[in-house]
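This is run19.cif (mmCIF, C-alpha atoms and all ligand atoms).
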data_final
loop_
_atom_site.label_atom_id
_atom_site.label_comp_id
_atom_site.auth_asym_id
_atom_site.auth_seq_id
_atom_site.Cartn_x
_atom_site.Cartn_y
_atom_site.Cartn_z
CA MET U 2 15.77 23.25 -17.58
CA ILE U 3 16.63 19.54 -17.88
CA ILE U 4 17.02 16.52 -15.62
CA GLU U 5 20.76 16.62 -15.06
CA HIS U 6 21.34 13.90 -12.50
CA ALA U 7 19.54 10.69 -11.58
CA GLU U 8 20.51 8.10 -8.99
CA VAL U 9 19.04 5.25 -6.98
CA ILE U 10 19.55 5.19 -3.22
CA VAL U 11 19.10 1.89 -1.38
CA THR U 12 18.89 1.97 2.40
CA SER U 13 17.77 -0.37 5.14
CA PRO U 14 16.95 1.46 8.37
CA GLY U 15 15.32 -1.64 9.81
CA ARG U 16 13.79 -2.61 6.45
CA ASN U 17 14.76 -2.00 2.83
CA PHE U 18 13.77 1.08 0.84
CA VAL U 19 14.69 2.03 -2.71
CA THR U 20 14.49 5.73 -3.58
CA LEU U 21 14.96 7.47 -6.91
CA LYS U 22 16.57 10.90 -6.73
CA LEU U 23 16.32 13.27 -9.69
CA VAL U 24 18.13 16.63 -9.82
CA THR U 25 17.38 19.35 -12.36
CA SER U 26 19.88 21.70 -13.96
CA ASP U 27 18.48 24.38 -11.59
CA GLY U 28 19.37 22.19 -8.62
CA VAL U 29 15.79 21.16 -7.75
CA VAL U 30 15.65 17.67 -6.19
CA GLY U 31 12.75 15.24 -6.54
CA TYR U 32 12.30 11.88 -4.78
CA GLY U 33 10.29 8.83 -5.83
CA ASP U 34 9.66 5.60 -3.89
CA ALA U 35 10.80 2.49 -5.81
CA THR U 36 10.45 -0.11 -3.05
CA LEU U 37 9.16 -3.56 -4.08
CA ASN U 38 9.18 -5.67 -0.94
CA GLY U 39 11.37 -8.77 -1.22
CA ARG U 40 12.33 -8.02 -4.85
CA GLU U 41 14.00 -4.63 -4.27
CA LEU U 42 17.13 -5.13 -6.35
CA ALA U 43 15.17 -6.01 -9.49
CA VAL U 44 13.75 -2.46 -9.50
CA VAL U 45 17.19 -1.02 -8.70
CA SER U 46 18.55 -2.75 -11.79
CA TYR U 47 15.56 -1.68 -13.94
CA LEU U 48 16.20 1.91 -12.98
CA ARG U 49 20.01 1.90 -13.05
CA ASP U 50 20.49 -0.29 -16.09
CA HIS U 51 17.58 0.88 -18.24
CA LEU U 52 15.83 4.10 -17.17
CA LEU U 53 18.29 6.57 -15.65
CA ALA U 54 20.10 7.19 -18.92
CA LEU U 55 16.76 7.88 -20.64
CA LEU U 56 15.89 10.56 -18.09
CA ILE U 57 19.05 12.65 -18.37
CA GLY U 58 18.43 15.68 -20.57
CA ARG U 59 14.61 15.40 -20.48
CA ASP U 60 12.36 18.31 -19.47
CA PRO U 61 11.33 17.54 -15.84
CA GLN U 62 8.05 19.45 -16.32
CA ARG U 63 6.74 16.95 -18.90
CA ILE U 64 5.43 14.39 -16.42
CA GLU U 65 2.75 12.72 -18.55
CA ASP U 66 4.96 12.61 -21.63
CA THR U 67 7.75 10.96 -19.62
CA TRP U 68 5.26 8.45 -18.18
CA GLN U 69 4.06 7.52 -21.68
CA TYR U 70 7.64 7.38 -22.96
CA LEU U 71 8.64 4.88 -20.29
CA TYR U 72 5.41 2.83 -20.40
CA ARG U 73 4.86 2.61 -24.15
CA GLY U 74 8.56 2.84 -24.87
CA ALA U 75 9.35 -0.38 -22.98
CA TYR U 76 7.05 -2.36 -25.31
CA TRP U 77 6.79 -4.89 -22.42
CA ARG U 78 3.86 -3.53 -20.45
CA GLY U 79 2.99 -3.53 -16.79
CA GLY U 80 4.18 -5.87 -14.05
CA PRO U 81 5.45 -4.93 -10.60
CA VAL U 82 9.10 -4.29 -11.49
CA THR U 83 8.45 -2.07 -14.51
CA MET U 84 5.59 -0.20 -12.88
CA THR U 85 7.41 0.40 -9.57
CA ALA U 86 10.27 1.94 -11.55
CA ILE U 87 7.91 4.12 -13.62
CA SER U 88 6.03 5.07 -10.44
CA ALA U 89 9.23 6.34 -8.85
CA VAL U 90 10.01 8.54 -11.87
CA ASP U 91 6.47 9.95 -11.90
CA VAL U 92 6.44 10.72 -8.16
CA ALA U 93 9.88 12.36 -8.32
CA LEU U 94 8.70 14.56 -11.20
CA TRP U 95 5.59 15.66 -9.25
CA ASP U 96 7.90 16.48 -6.32
CA ILE U 97 10.00 18.65 -8.64
CA LYS U 98 6.93 20.30 -10.18
CA GLY U 99 5.63 21.23 -6.74
CA LYS U 100 8.98 22.64 -5.70
CA LEU U 101 9.22 24.68 -8.92
CA ALA U 102 5.71 26.05 -8.35
CA GLY U 103 6.31 26.63 -4.63
CA LEU U 104 3.18 24.56 -3.90
CA PRO U 105 2.39 21.26 -2.18
CA VAL U 106 1.49 18.61 -4.76
CA TYR U 107 -2.14 18.43 -3.62
CA GLN U 108 -2.60 22.04 -4.74
CA LEU U 109 -1.40 21.09 -8.23
CA LEU U 110 -3.98 18.27 -8.24
CA GLY U 111 -6.84 20.72 -7.72
CA GLY U 112 -6.54 21.55 -4.03
CA ALA U 113 -7.88 19.96 -0.87
CA CYS U 114 -11.28 18.24 -0.95
CA ARG U 115 -11.14 17.62 2.83
CA ASP U 116 -9.28 18.68 5.98
CA GLY U 117 -7.24 15.49 6.22
CA CYS U 118 -7.15 11.85 5.12
CA LEU U 119 -8.88 9.36 7.44
CA VAL U 120 -6.38 6.61 8.25
CA TYR U 121 -6.57 3.14 9.74
CA ALA U 122 -4.03 1.70 12.12
CA HIS U 123 -2.94 -1.90 12.60
CA ALA U 124 -3.89 -3.89 15.70
CA PHE U 125 -3.03 -7.53 16.29
CA GLY U 126 -2.84 -10.14 19.00
CA ARG U 127 -1.93 -13.79 19.27
CA ASP U 128 -5.18 -14.22 21.22
CA MET U 129 -8.27 -12.20 22.15
CA PRO U 130 -6.87 -10.40 25.24
CA GLU U 131 -3.80 -9.29 23.26
CA LEU U 132 -5.98 -8.13 20.36
CA VAL U 133 -8.32 -6.14 22.64
CA ALA U 134 -5.30 -4.45 24.25
CA SER U 135 -3.86 -3.65 20.83
CA VAL U 136 -7.12 -2.17 19.48
CA SER U 137 -7.49 -0.11 22.68
CA ALA U 138 -3.95 1.23 22.27
CA GLN U 139 -4.63 2.37 18.69
CA LEU U 140 -7.92 4.04 19.68
CA GLU U 141 -6.10 5.83 22.51
CA LEU U 142 -3.59 7.18 19.97
CA GLY U 143 -6.56 8.83 18.24
CA TYR U 144 -7.28 6.42 15.39
CA ARG U 145 -10.93 6.11 14.39
CA ALA U 146 -10.37 3.04 12.24
CA VAL U 147 -8.39 -0.08 13.12
CA ARG U 148 -7.45 -3.20 11.17
CA ALA U 149 -7.64 -6.26 13.45
CA GLN U 150 -5.60 -9.44 12.80
CA VAL U 151 -5.52 -12.31 15.25
CA GLY U 152 -3.73 -15.59 15.82
CA VAL U 153 -5.54 -18.82 14.89
CA PRO U 154 -5.11 -21.58 17.53
CA GLN U 155 -3.99 -24.31 15.09
CA LEU U 156 -1.49 -22.07 13.23
CA ALA U 157 1.92 -21.10 14.63
CA LYS U 158 2.23 -17.93 12.52
CA VAL U 159 -0.57 -15.90 10.97
CA TYR U 160 -0.37 -12.98 8.56
CA GLY U 161 -0.50 -9.65 10.41
CA VAL U 162 0.37 -11.02 13.86
CA ALA U 163 3.89 -10.48 15.21
CA VAL U 164 5.52 -13.27 17.18
CA GLY U 165 8.15 -12.17 19.69
CA ARG U 166 8.19 -8.49 18.71
CA GLU U 167 6.02 -5.45 19.28
CA THR U 168 5.43 -4.44 15.69
CA TYR U 169 4.51 -6.63 12.75
CA GLU U 170 6.87 -6.56 9.77
CA PRO U 171 6.09 -9.17 7.12
CA ALA U 172 9.53 -9.28 5.44
CA THR U 173 12.24 -11.25 7.24
CA ARG U 174 15.93 -10.44 6.89
CA ALA U 175 17.18 -13.89 5.94
CA ALA U 176 18.67 -15.79 3.02
CA LEU U 177 15.44 -17.76 2.51
CA PRO U 178 11.75 -16.90 3.03
CA ASP U 179 10.05 -18.02 6.25
CA GLU U 180 7.54 -20.83 5.76
CA GLU U 181 4.06 -20.54 7.27
CA LEU U 182 1.18 -23.00 7.50
CA TRP U 183 -2.35 -22.23 6.26
CA ASP U 184 -5.64 -23.89 7.18
CA ALA U 185 -8.70 -22.14 5.75
CA GLY U 186 -11.14 -24.18 7.87
CA ALA U 187 -9.46 -23.23 11.15
CA TYR U 188 -9.31 -19.60 10.05
CA LEU U 189 -12.95 -19.44 8.93
CA ARG U 190 -14.16 -20.93 12.23
CA HIS U 191 -12.06 -18.52 14.28
CA ILE U 192 -12.57 -15.09 12.73
CA PRO U 193 -16.34 -14.33 13.03
CA PRO U 194 -16.47 -14.80 16.85
CA VAL U 195 -13.38 -12.57 17.14
CA PHE U 196 -15.19 -9.69 15.44
CA ALA U 197 -18.33 -10.37 17.52
CA ALA U 198 -16.16 -10.01 20.62
CA LEU U 199 -14.52 -6.80 19.31
CA ARG U 200 -17.93 -5.22 18.68
CA ALA U 201 -19.11 -6.31 22.15
CA GLN U 202 -15.99 -4.71 23.63
CA PHE U 203 -15.72 -1.49 21.60
CA GLY U 204 -19.33 -0.83 20.51
CA PRO U 205 -20.56 0.27 17.08
CA GLU U 206 -18.40 3.37 16.62
CA PRO U 207 -14.81 2.42 15.63
CA ALA U 208 -14.37 1.32 12.04
CA LEU U 209 -13.02 -2.25 12.02
CA LEU U 210 -11.16 -3.72 9.04
CA HIS U 211 -9.66 -7.12 8.33
CA ASP U 212 -7.13 -8.38 5.74
CA VAL U 213 -7.51 -11.94 4.38
CA HIS U 214 -4.37 -11.55 2.21
CA HIS U 215 -5.69 -13.29 -0.92
CA ARG U 216 -6.05 -16.73 0.72
CA LEU U 217 -9.65 -17.89 0.24
CA THR U 218 -11.65 -19.33 -2.63
CA GLY U 219 -14.67 -17.34 -3.77
CA LEU U 220 -17.03 -19.62 -1.86
CA GLN U 221 -14.99 -19.51 1.36
CA ALA U 222 -14.77 -15.72 1.10
CA ALA U 223 -18.53 -15.50 0.56
CA GLN U 224 -19.08 -17.55 3.73
CA LEU U 225 -16.73 -15.29 5.69
CA GLY U 226 -18.31 -12.08 4.37
CA ARG U 227 -21.76 -13.33 5.29
CA ALA U 228 -20.69 -14.46 8.77
CA LEU U 229 -19.16 -11.02 9.41
CA GLU U 230 -22.22 -9.02 8.29
CA PRO U 231 -23.66 -8.59 11.84
CA HIS U 232 -20.33 -7.06 12.97
CA ASP U 233 -20.38 -4.19 10.46
CA LEU U 234 -16.84 -4.19 9.03
CA PHE U 235 -15.58 -1.09 7.26
CA TRP U 236 -14.03 -3.52 4.77
CA LEU U 237 -12.85 -7.06 4.25
CA GLU U 238 -9.60 -6.88 2.28
CA ASP U 239 -8.10 -9.13 -0.40
CA VAL U 240 -10.47 -12.03 0.21
CA THR U 241 -9.52 -13.94 -2.94
CA PRO U 242 -6.47 -14.05 -5.27
CA ALA U 243 -6.33 -10.62 -6.90
CA GLU U 244 -5.92 -11.76 -10.49
CA ASN U 245 -9.37 -13.38 -10.67
CA PRO U 246 -12.32 -10.95 -10.81
CA ASP U 247 -14.75 -13.89 -11.13
CA ALA U 248 -13.92 -15.03 -7.61
CA LEU U 249 -14.92 -11.57 -6.35
CA ARG U 250 -18.09 -11.74 -8.43
CA LEU U 251 -19.10 -14.84 -6.49
CA VAL U 252 -18.31 -13.20 -3.15
CA ARG U 253 -20.26 -10.12 -4.16
CA ALA U 254 -23.33 -12.17 -5.05
CA HIS U 255 -23.53 -13.59 -1.53
CA THR U 256 -22.53 -10.88 0.94
CA ILE U 257 -23.03 -7.19 1.65
CA THR U 258 -19.83 -6.92 3.72
CA PRO U 259 -17.82 -4.14 1.96
CA LEU U 260 -14.83 -5.42 -0.01
CA ALA U 261 -11.42 -3.93 -0.84
CA ILE U 262 -8.64 -5.13 -3.13
CA GLY U 263 -5.71 -3.81 -5.15
CA GLU U 264 -2.39 -3.69 -3.29
CA VAL U 265 -0.75 -5.99 -5.87
CA PHE U 266 -2.25 -4.24 -8.90
CA ASN U 267 0.13 -2.23 -11.09
CA THR U 268 -2.04 -0.57 -13.73
CA ILE U 269 -5.55 0.59 -14.49
CA TRP U 270 -5.86 -2.51 -16.68
CA ASP U 271 -5.52 -4.74 -13.60
CA CYS U 272 -8.36 -2.78 -11.99
CA ARG U 273 -10.65 -2.30 -14.97
CA THR U 274 -13.13 -5.20 -14.67
CA ILE U 275 -13.28 -4.95 -10.90
CA LEU U 276 -14.04 -1.23 -11.08
CA GLN U 277 -16.41 -1.24 -14.04
CA ASP U 278 -18.42 -4.18 -12.64
CA ARG U 279 -18.31 -2.70 -9.12
CA LEU U 280 -16.93 -5.88 -7.58
CA VAL U 281 -15.42 -4.01 -4.61
CA ASP U 282 -16.18 -0.87 -2.60
CA TYR U 283 -12.58 0.33 -2.14
CA ILE U 284 -9.62 0.17 -4.50
CA ARG U 285 -6.29 -0.21 -2.68
CA THR U 286 -3.62 0.54 -5.30
CA SER U 287 -0.61 2.64 -4.26
CA ALA U 288 1.38 5.44 -5.87
CA THR U 289 4.48 3.28 -5.35
CA HIS U 290 3.31 0.24 -7.33
CA ALA U 291 0.57 1.50 -9.66
CA GLY U 292 2.25 4.10 -11.83
CA GLY U 293 2.84 7.00 -9.45
CA ILE U 294 0.62 9.99 -8.80
CA SER U 295 -0.45 10.37 -12.45
CA HIS U 296 -1.71 6.80 -12.86
CA LEU U 297 -3.12 6.44 -9.34
CA ARG U 298 -5.31 9.47 -9.97
CA ARG U 299 -6.50 7.93 -13.23
CA ILE U 300 -7.44 4.67 -11.44
CA PHE U 301 -9.37 6.61 -8.80
CA THR U 302 -11.20 8.58 -11.48
CA LEU U 303 -12.30 5.32 -13.11
CA ALA U 304 -13.36 4.08 -9.66
CA GLU U 305 -15.40 7.25 -9.14
CA LEU U 306 -17.66 6.29 -12.08
CA SER U 307 -18.78 3.24 -10.08
CA GLN U 308 -19.01 5.03 -6.69
CA ILE U 309 -15.91 3.15 -5.52
CA ARG U 310 -13.66 4.95 -3.08
CA SER U 311 -9.89 4.92 -2.57
CA GLY U 312 -8.16 2.94 0.16
CA CYS U 313 -4.46 3.29 -0.63
CA HIS U 314 -2.10 0.60 0.50
CA GLY U 315 0.21 2.05 3.17
CA ALA U 316 2.18 -0.81 4.71
CA THR U 317 5.69 -0.20 6.08
CA ASP U 318 7.21 -1.17 2.73
CA ILE U 319 5.70 1.99 1.26
CA SER U 320 8.41 4.54 2.16
CA PRO U 321 7.53 7.98 3.57
CA VAL U 322 7.98 9.25 -0.01
CA GLY U 323 5.29 6.83 -1.20
CA MET U 324 3.07 7.64 1.77
CA ALA U 325 3.30 11.38 1.04
CA ALA U 326 2.41 10.77 -2.61
CA ALA U 327 -0.72 8.85 -1.54
CA LEU U 328 -1.71 11.58 0.92
CA HIS U 329 -1.45 14.36 -1.67
CA VAL U 330 -3.70 12.35 -4.01
CA GLY U 331 -6.05 11.38 -1.18
CA LEU U 332 -6.51 14.96 -0.07
CA ALA U 333 -7.35 16.14 -3.59
CA ILE U 334 -9.69 13.48 -5.03
CA PRO U 335 -13.48 13.56 -4.50
CA ASN U 336 -13.82 9.80 -3.87
CA PHE U 337 -11.25 9.36 -1.10
CA GLY U 338 -12.19 6.54 1.29
CA ILE U 339 -9.45 5.76 3.79
CA GLN U 340 -5.64 5.45 3.88
CA GLU U 341 -3.69 2.64 5.54
CA HIS U 342 -1.22 3.93 8.11
CA MET U 343 1.19 1.27 9.35
CA ARG U 344 3.59 3.47 11.27
CA HIS U 345 7.27 3.36 10.36
CA GLU U 346 9.93 2.84 13.01
CA PRO U 347 11.40 6.17 14.29
CA LEU U 348 14.69 5.47 12.45
CA VAL U 349 12.81 5.38 9.12
CA ASP U 350 11.25 8.75 9.92
CA ASP U 351 14.77 10.06 10.70
CA VAL U 352 16.08 8.87 7.33
CA PHE U 353 13.05 10.39 5.56
CA PRO U 354 12.10 13.58 7.48
CA HIS U 355 8.58 14.45 6.35
CA ALA U 356 5.93 17.14 6.60
CA TYR U 357 2.91 14.82 6.80
CA ARG U 358 1.40 14.74 10.27
CA PHE U 359 -1.17 12.71 12.21
CA ASP U 360 -3.95 14.53 14.03
CA ASP U 361 -7.33 13.34 15.31
CA GLY U 362 -7.39 10.12 13.28
CA ARG U 363 -6.31 11.78 10.04
CA LEU U 364 -3.07 12.37 8.16
CA HIS U 365 -2.39 15.65 6.36
CA PRO U 366 0.44 15.82 3.79
CA GLY U 367 1.58 19.25 5.02
CA ASP U 368 2.14 22.41 3.01
CA GLU U 369 5.77 22.24 2.03
CA PRO U 370 6.40 22.65 -1.72
CA GLY U 371 6.42 19.31 -3.53
CA LEU U 372 5.82 16.11 -1.57
CA GLY U 373 7.28 17.46 1.68
CA VAL U 374 9.70 14.54 2.21
CA ALA U 375 13.50 14.79 2.38
CA LEU U 376 16.16 12.08 2.48
CA ASP U 377 19.05 12.20 4.95
CA GLU U 378 21.58 10.57 2.63
CA ALA U 379 24.35 10.34 5.24
CA LEU U 380 22.07 8.49 7.65
CA ALA U 381 20.70 6.34 4.83
CA ALA U 382 24.27 5.32 3.88
CA ARG U 383 24.87 4.06 7.42
CA HIS U 384 22.12 1.44 6.87
CA PRO U 385 23.00 -0.60 3.77
CA TYR U 386 20.70 -3.11 2.02
CA VAL U 387 20.02 -6.39 3.78
CA ALA U 388 18.46 -9.29 1.83
CA ALA U 389 14.90 -9.86 3.03
CA TYR U 390 11.95 -11.94 1.87
CA LEU U 391 8.22 -12.08 2.41
CA PRO U 392 7.12 -15.45 3.84
CA VAL U 393 5.66 -18.29 1.80
CA ASN U 394 2.62 -20.36 2.78
CA ARG U 395 1.95 -24.10 2.63
CA LEU U 396 -1.04 -26.28 3.40
CA GLY U 397 -0.70 -29.12 5.92
CA ASP U 398 0.25 -31.61 3.19
CA GLY U 399 3.04 -29.37 1.89
CA THR U 400 1.15 -27.83 -1.05
CA MET U 401 2.17 -24.22 -1.80
CA HIS U 402 -0.62 -21.72 -1.10
CA ASP U 403 -1.01 -17.94 -1.48
CA TRP U 404 0.74 -16.09 1.35
O1 LIG A 501 4.81 -6.23 0.97
C1 LIG A 501 3.67 -6.89 1.36
C2 LIG A 501 2.95 -6.06 2.40
O2 LIG A 501 2.83 -4.74 1.97
C3 LIG A 501 1.59 -6.62 2.68
O3 LIG A 501 1.73 -7.91 3.20
C4 LIG A 501 0.86 -5.74 3.69
O4 LIG A 501 -1.23 -6.65 3.01
C5 LIG A 501 -0.62 -5.76 3.53
C6 LIG A 501 -1.35 -4.59 4.05
O5 LIG A 501 -2.53 -4.52 3.75
O6 LIG A 501 -0.75 -3.78 4.73
MG MG A 502 -3.27 -6.04 2.56
#

For this file, write the structure as structure tokens.
Amino acid sequence: MIIEHAEVIVTSPGRNFVTLKLVTSDGVVGYGDATLNGRELAVVSYLRDHLLALLIGRDPQRIEDTWQYLYRGAYWRGGPVTMTAISAVDVALWDIKGKLAGLPVYQLLGGACRDGCLVYAHAFGRDMPELVASVSAQLELGYRAVRAQVGVPQLAKVYGVAVGRETYEPATRAALPDEELWDAGAYLRHIPPVFAALRAQFGPEPALLHDVHHRLTGLQAAQLGRALEPHDLFWLEDVTPAENPDALRLVRAHTITPLAIGEVFNTIWDCRTILQDRLVDYIRTSATHAGGISHLRRIFTLAELSQIRSGCHGATDISPVGMAAALHVGLAIPNFGIQEHMRHEPLVDDVFPHAYRFDDGRLHPGDEPGLGVALDEALAARHPYVAAYLPVNRLGDGTMHDW
């Protein structure tokens, strides 16, 4: 049996998704998520212009060998474009292997370690009453863990808070990125009382999370972590720019608020110092951007040595294929922590019918052979690619800042 056909499918049912489809000579189809938010077409080109021809004729069962062939064979290592493309190949091959075996992927990874994967939902509000209503709504849906993002009075737009729509979607369909304004002082003054108020309102039980989106210096992040300690966060995410482990080292030295990082990491090498020196409590890489199921599992095994748990990135730009991949890994590893669940719009679920299901605060990947995600190609074709960008951030004097 060989890989006989490979193609890239781009669709935009409300937001862009890039999907790799592999078909074996026996007619078995595998899907991989290749979506890189705001830079989608670079991965499409990497796959179409450089990888697809290398896949035709290969044995689809040789997942690790194919991974090594594409990683080492490129000579140019790592980076989001290369690794998103390799991730898609890896995930599609696991999908095929599961279908050939007649087993869900988590069974091939050693079987379930738990009944389901604890997930956290997103809540947001421009002000406190809106945030309280949003957290309440998520708890009523059955979530046990909620990420809370709130507007800051001096800032017109804040990461994680939708303006003029019901759901938050960071990428904007436009020819140029949106520009936002950032003021660390205003943010740092505003956030601790917000979490004090959430605890007063909801009590000690629900897990509360917050995403800083890589915007603070080590010292600012240490101040925030310390100020939040009385409010018992499940985690404080991406407090400092991800490429600098020393910033996290400073934060770590000054606060016991649990930390999470990793959504922009692409390989185990990006994670190595942070994991080996135990600079965080949760590692947030994804199957979509960090080398697929094979490499994600390797990262989580390294994390396990330092008692660090998984916290896979699961924003809306991770397609249902990528979400399923994360859930199969999450169900099977011993050091699972939590999984982000930013629900897709119903149209996305129609384009990607899937077996994973939400019940009692947890997601289960389902028991269909492979990943358990299909792609309605006719529906996908009715929603062609639309250029979209993530916003950029500036300080008050016009200086570019991390978004
Ligand atoms: O593409 C960028 C988004 O995935 C990111 O902004 C979402 O930080 C994010 C999160 O934790 O969901
Ligand atoms: Mg994040």

| field | Protein and nucleic acid residues within 7 Å of ligand LIG 501 (chain A) (all atoms listed in the file) as a list in words | value |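 Checking all atoms listed in the file against ligand LIG 501 (chain A) at 7 Å gives Asn38, Pro171, Asp212, His214, His314, Gly315, Ala316, Thr317, Asp318 and Leu391 of chain U.
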
Enumerate, as a compact mmCIF listing (two decimals) with C-alpha atoms, in the coordinates of the input, the protein, DNA and RNA residues whose atoms approach (4.5, 16.2, -1.5) to within 12 Å, taking into account all atoms listed in the file and the coordinate frame of the file.
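Output saved as part_15.txt:
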# COMPACT_ATOMS: atom_id res chain seq x y z
CA GLY U 31 12.75 15.24 -6.54
CA TYR U 32 12.30 11.88 -4.78
CA GLY U 33 10.29 8.83 -5.83
CA VAL U 92 6.44 10.72 -8.16
CA ALA U 93 9.88 12.36 -8.32
CA LEU U 94 8.70 14.56 -11.20
CA TRP U 95 5.59 15.66 -9.25
CA ASP U 96 7.90 16.48 -6.32
CA ILE U 97 10.00 18.65 -8.64
CA LYS U 98 6.93 20.30 -10.18
CA GLY U 99 5.63 21.23 -6.74
CA LYS U 100 8.98 22.64 -5.70
CA GLY U 103 6.31 26.63 -4.63
CA LEU U 104 3.18 24.56 -3.90
CA PRO U 105 2.39 21.26 -2.18
CA VAL U 106 1.49 18.61 -4.76
CA TYR U 107 -2.14 18.43 -3.62
CA GLN U 108 -2.60 22.04 -4.74
CA LEU U 109 -1.40 21.09 -8.23
CA LEU U 110 -3.98 18.27 -8.24
CA ILE U 294 0.62 9.99 -8.80
CA PRO U 321 7.53 7.98 3.57
CA VAL U 322 7.98 9.25 -0.01
CA GLY U 323 5.29 6.83 -1.20
CA MET U 324 3.07 7.64 1.77
CA ALA U 325 3.30 11.38 1.04
CA ALA U 326 2.41 10.77 -2.61
CA ALA U 327 -0.72 8.85 -1.54
CA LEU U 328 -1.71 11.58 0.92
CA HIS U 329 -1.45 14.36 -1.67
CA VAL U 330 -3.70 12.35 -4.01
CA GLY U 331 -6.05 11.38 -1.18
CA LEU U 332 -6.51 14.96 -0.07
CA HIS U 355 8.58 14.45 6.35
CA ALA U 356 5.93 17.14 6.60
CA TYR U 357 2.91 14.82 6.80
CA HIS U 365 -2.39 15.65 6.36
CA PRO U 366 0.44 15.82 3.79
CA GLY U 367 1.58 19.25 5.02
CA ASP U 368 2.14 22.41 3.01
CA GLU U 369 5.77 22.24 2.03
CA PRO U 370 6.40 22.65 -1.72
CA GLY U 371 6.42 19.31 -3.53
CA LEU U 372 5.82 16.11 -1.57
CA GLY U 373 7.28 17.46 1.68
CA VAL U 374 9.70 14.54 2.21
CA ALA U 375 13.50 14.79 2.38

| query | Which protein, DNA or RNA residues have an atom at most 10 Å from (-20.2, 5.1, -7.8), counting all atoms listed in the file? List them as a PyMOL selection string. | reply | chain U and resi 276-277+279+282+303-310+336

| field | Near-ligand residues for ligand MG 502 (chain A), threshold 12 Å, only C-alpha atoms and all ligand atoms, as a ChimeraX atom specification | value | /U:123,148-150,160-161,171,210-216,236-243,260-266,284-287,312-318,340-343,404

| remark: The distance between CA of Ser311 in chain U and CA of Ile339 in chain U is 6.4 Å

| task | Skip range 245-247 of chain U itself and residues of its chain fewer than 5 positions away, then list as a list of chain:residue names all residues within 9 Å of it, counting all atoms listed in the file. | result |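 Here the answer would be U:Gly219, U:Val252, U:Thr274, U:Ile275, U:Leu280.
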
| Residue among U:Arg358, U:Arg200, U:Arg63, U:Arg127 lying closest to Leu229 in chain U, counting only C-alpha atoms |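 Of all the options, U:Arg200 lies closest to Leu229 in chain U.
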
| Can you tell me, as a list in words, what residues are no more than 10 Å from Thr12 in chain U when counting only C-alpha atoms, ignoring any on the same chain fewer than 4 positions away? | Arg16, Asn17, Phe18, Val19, Thr20, Val349, Val352, Glu378, Leu380, Ala381, Ala382, Arg383, His384, Pro385, Tyr386 and Val387 of chain U
